[in-house]
Amino acid sequence: MTTTTQQATQETVAASARNLTKTYGQGDTQVHALRGIDLDLSRGRFAAIMGPSGSGKSTLMHCLAGLDQPSGGTVTVAGTDLGSLDDDTLTIFRREHIGFVFQSFNLLPTLTAGENIVLPLELGDRRIDDAARERAHMLADILGVADRLGHRPTELSGGQQQRVAIARALITQPDLLFADEPTGNLDSTTSAEVLDHLRQSARELGQTVVMVTHERDAAAYADYVVTMQDGRIV
């Protein structure tokens, strides 16, 4: 099913885009990556942004996450207009409100799984107290890696590494969790497990999850699908 701004009228909105545009280049080489996107993302639900290569889905994610500045329009996350923030404030906002999961895992090899999970708290100068350790263990337990917390990434399978990466992204309780092709480096069985855990994060933890994918099988795990083509929602 395809979402529009009407999708979230009866639900709390975690993030929204209004008349969002993104243009690269000038003159004959100009590329319109986003063409007037209007979108609401519902809080506590699992959304998939789907489309072929060049459809604008990754550009949309980067703008929604504050990683790229749109050419026009507005992005609002947790009630904050990202365009109103300077670079330093935006960096802090991303760290506190947005989580990321990438297909390359990006775990630090010198740290254990448990240390990787709490790393965002340390980077944000937050104290690793009993409550933080309890949340880390709770997430690891839900994601099925509680027995691997003392192991380094090289001692984990690809699926285990990705689940640790998801736990790391969830430890700060972000308003939005973005997953960029999170199963790109995984086999089909492990991919299904990771996607099920992302769905579980929305249903059991109330987490808002936004996944970018070109795979229909992956998108089928989402609560709703935003399909893109040529910079527009179709």
# chains A, B, ... in the order shown; residues from 1 in each chain; ligands from 1
$ closest_atom_pairs --of "segment 34-110 of chain A" --to "segment 198-219 of chain A" --cutoff "7 Å" --atoms "only C-alpha atoms" --output "JSON lines"
{"residue": "A:Arg43", "atom": "CA", "partner": "A:Thr208", "partner_atom": "CA", "distance": 5.2}
{"residue": "A:Gly44", "atom": "CA", "partner": "A:Thr208", "partner_atom": "CA", "distance": 4.3}
{"residue": "A:Arg45", "atom": "CA", "partner": "A:Thr208", "partner_atom": "CA", "distance": 5.1}
{"residue": "A:Phe46", "atom": "CA", "partner": "A:Val209", "partner_atom": "CA", "distance": 4.7}
{"residue": "A:Ala47", "atom": "CA", "partner": "A:Val210", "partner_atom": "CA", "distance": 4.8}
{"residue": "A:Ala48", "atom": "CA", "partner": "A:Met211", "partner_atom": "CA", "distance": 4.7}
{"residue": "A:Ile49", "atom": "CA", "partner": "A:Val212", "partner_atom": "CA", "distance": 4.8}
{"residue": "A:Met50", "atom": "CA", "partner": "A:Thr213", "partner_atom": "CA", "distance": 5.2}
{"residue": "A:Gly51", "atom": "CA", "partner": "A:His214", "partner_atom": "CA", "distance": 5.4}
{"residue": "A:Pro52", "atom": "CA", "partner": "A:His214", "partner_atom": "CA", "distance": 5.8}
{"residue": "A:Lys57", "atom": "CA", "partner": "A:Val212", "partner_atom": "CA", "distance": 6.7}
{"residue": "A:Ser58", "atom": "CA", "partner": "A:Val212", "partner_atom": "CA", "distance": 6.8}
$ write_last_selection --atoms "all heavy atoms" --output "mmCIF file, in the first residue's frame"
data_model
loop_
_atom_site.group_PDB
_atom_site.id
_atom_site.type_symbol
_atom_site.label_atom_id
_atom_site.label_comp_id
_atom_site.auth_asym_id
_atom_site.auth_seq_id
_atom_site.Cartn_x
_atom_site.Cartn_y
_atom_site.Cartn_z
ATOM 1 N N ARG A 43 4.421 7.809 13.324
ATOM 2 C CA ARG A 43 5.217 7.399 14.471
ATOM 3 C C ARG A 43 4.903 5.953 14.863
ATOM 4 O O ARG A 43 3.754 5.499 14.849
ATOM 5 C CB ARG A 43 4.928 8.311 15.660
ATOM 6 C CG ARG A 43 5.810 8.051 16.882
ATOM 7 C CD ARG A 43 5.541 9.062 17.983
ATOM 8 N NE ARG A 43 5.752 10.419 17.526
ATOM 9 C CZ ARG A 43 6.954 10.996 17.433
ATOM 10 N NH1 ARG A 43 8.045 10.305 17.755
ATOM 11 N NH2 ARG A 43 7.077 12.242 17.025
ATOM 12 N N GLY A 44 5.967 5.209 15.182
ATOM 13 C CA GLY A 44 5.808 3.849 15.662
ATOM 14 C C GLY A 44 5.460 2.839 14.592
ATOM 15 O O GLY A 44 4.983 1.743 14.907
ATOM 16 N N ARG A 45 5.709 3.183 13.326
ATOM 17 C CA ARG A 45 5.414 2.259 12.243
ATOM 18 C C ARG A 45 6.639 2.062 11.369
ATOM 19 O O ARG A 45 7.600 2.831 11.403
ATOM 20 C CB ARG A 45 4.231 2.748 11.400
ATOM 21 C CG ARG A 45 2.958 2.943 12.232
ATOM 22 C CD ARG A 45 1.750 3.177 11.362
ATOM 23 N NE ARG A 45 1.357 1.943 10.671
ATOM 24 C CZ ARG A 45 0.555 1.935 9.607
ATOM 25 N NH1 ARG A 45 0.097 3.064 9.106
ATOM 26 N NH2 ARG A 45 0.228 0.791 9.038
ATOM 27 N N PHE A 46 6.628 0.992 10.596
ATOM 28 C CA PHE A 46 7.731 0.581 9.736
ATOM 29 C C PHE A 46 7.366 0.951 8.299
ATOM 30 O O PHE A 46 6.459 0.374 7.714
ATOM 31 C CB PHE A 46 7.944 -0.929 9.886
ATOM 32 C CG PHE A 46 9.105 -1.507 9.111
ATOM 33 C CD1 PHE A 46 10.005 -0.704 8.430
ATOM 34 C CD2 PHE A 46 9.296 -2.887 9.073
ATOM 35 C CE1 PHE A 46 11.073 -1.239 7.728
ATOM 36 C CE2 PHE A 46 10.354 -3.445 8.382
ATOM 37 C CZ PHE A 46 11.242 -2.627 7.701
ATOM 38 N N ALA A 47 8.069 1.937 7.744
ATOM 39 C CA ALA A 47 7.824 2.392 6.378
ATOM 40 C C ALA A 47 8.970 1.960 5.476
ATOM 41 O O ALA A 47 10.136 1.965 5.878
ATOM 42 C CB ALA A 47 7.684 3.905 6.333
ATOM 43 N N ALA A 48 8.640 1.602 4.247
ATOM 44 C CA ALA A 48 9.655 1.299 3.243
ATOM 45 C C ALA A 48 9.555 2.328 2.129
ATOM 46 O O ALA A 48 8.458 2.618 1.636
ATOM 47 C CB ALA A 48 9.466 -0.111 2.691
ATOM 48 N N ILE A 49 10.688 2.903 1.758
ATOM 49 C CA ILE A 49 10.767 3.774 0.583
ATOM 50 C C ILE A 49 11.386 2.947 -0.522
ATOM 51 O O ILE A 49 12.542 2.519 -0.422
ATOM 52 C CB ILE A 49 11.605 5.035 0.867
ATOM 53 C CG1 ILE A 49 10.993 5.833 2.016
ATOM 54 C CG2 ILE A 49 11.701 5.906 -0.384
ATOM 55 C CD1 ILE A 49 11.815 7.050 2.429
ATOM 56 N N MET A 50 10.628 2.725 -1.581
ATOM 57 C CA MET A 50 11.024 1.770 -2.604
ATOM 58 C C MET A 50 11.039 2.429 -3.977
ATOM 59 O O MET A 50 10.261 3.340 -4.257
ATOM 60 C CB MET A 50 10.046 0.587 -2.591
ATOM 61 C CG MET A 50 10.422 -0.540 -3.501
ATOM 62 S SD MET A 50 9.207 -1.864 -3.394
ATOM 63 C CE MET A 50 9.825 -2.918 -4.705
ATOM 64 N N GLY A 51 11.933 1.968 -4.835
ATOM 65 C CA GLY A 51 11.983 2.467 -6.201
ATOM 66 C C GLY A 51 13.248 2.004 -6.887
ATOM 67 O O GLY A 51 14.203 1.581 -6.234
ATOM 68 N N PRO A 52 13.294 2.079 -8.201
ATOM 69 C CA PRO A 52 14.492 1.669 -8.942
ATOM 70 C C PRO A 52 15.636 2.645 -8.729
ATOM 71 O O PRO A 52 15.451 3.733 -8.167
ATOM 72 C CB PRO A 52 14.017 1.680 -10.398
ATOM 73 C CG PRO A 52 12.916 2.694 -10.413
ATOM 74 C CD PRO A 52 12.228 2.563 -9.088
ATOM 75 N N LYS A 57 14.922 7.768 -4.104
ATOM 76 C CA LYS A 57 14.627 7.256 -2.752
ATOM 77 C C LYS A 57 15.762 7.532 -1.773
ATOM 78 O O LYS A 57 15.517 7.900 -0.628
ATOM 79 C CB LYS A 57 14.322 5.753 -2.803
ATOM 80 C CG LYS A 57 15.417 4.857 -3.319
ATOM 81 C CD LYS A 57 14.946 3.416 -3.409
ATOM 82 C CE LYS A 57 16.071 2.475 -3.827
ATOM 83 N NZ LYS A 57 16.615 2.807 -5.180
ATOM 84 N N SER A 58 17.012 7.376 -2.211
ATOM 85 C CA SER A 58 18.137 7.641 -1.305
ATOM 86 C C SER A 58 18.268 9.137 -1.021
ATOM 87 O O SER A 58 18.567 9.545 0.108
ATOM 88 C CB SER A 58 19.440 7.098 -1.893
ATOM 89 O OG SER A 58 19.421 5.685 -1.938
#
$ atom_distance --atom1 "atom CA of Arg148 of chain A" --atom2 "atom CA of Glu122 of chain A"
20.5 Å
$ residues_around --residues "segment 156-172 of chain A" --least-positions-apart "2" --cutoff "6 Å" --atoms "only C-alpha atoms" --output "VMD selection string"
chain A and resid 99 to 100 105 117 139 153 to 154 174 190
$ closest_residue --among "A:Leu85, A:Met138, A:Leu39, A:Ala113" --to "Leu64 of chain A" --atoms "only C-alpha atoms"
A:Leu39
$ closest_residue --among "A:Val101, A:Leu149, A:Val118, A:Ala15" --to "Thr74 of chain A" --atoms "only C-alpha atoms"
A:Ala15
$ closest_residue --among "A:Ser104, A:Val31, A:Gly66, A:His97" --to "Leu186 of chain A" --atoms "only C-alpha atoms"
A:Ser104
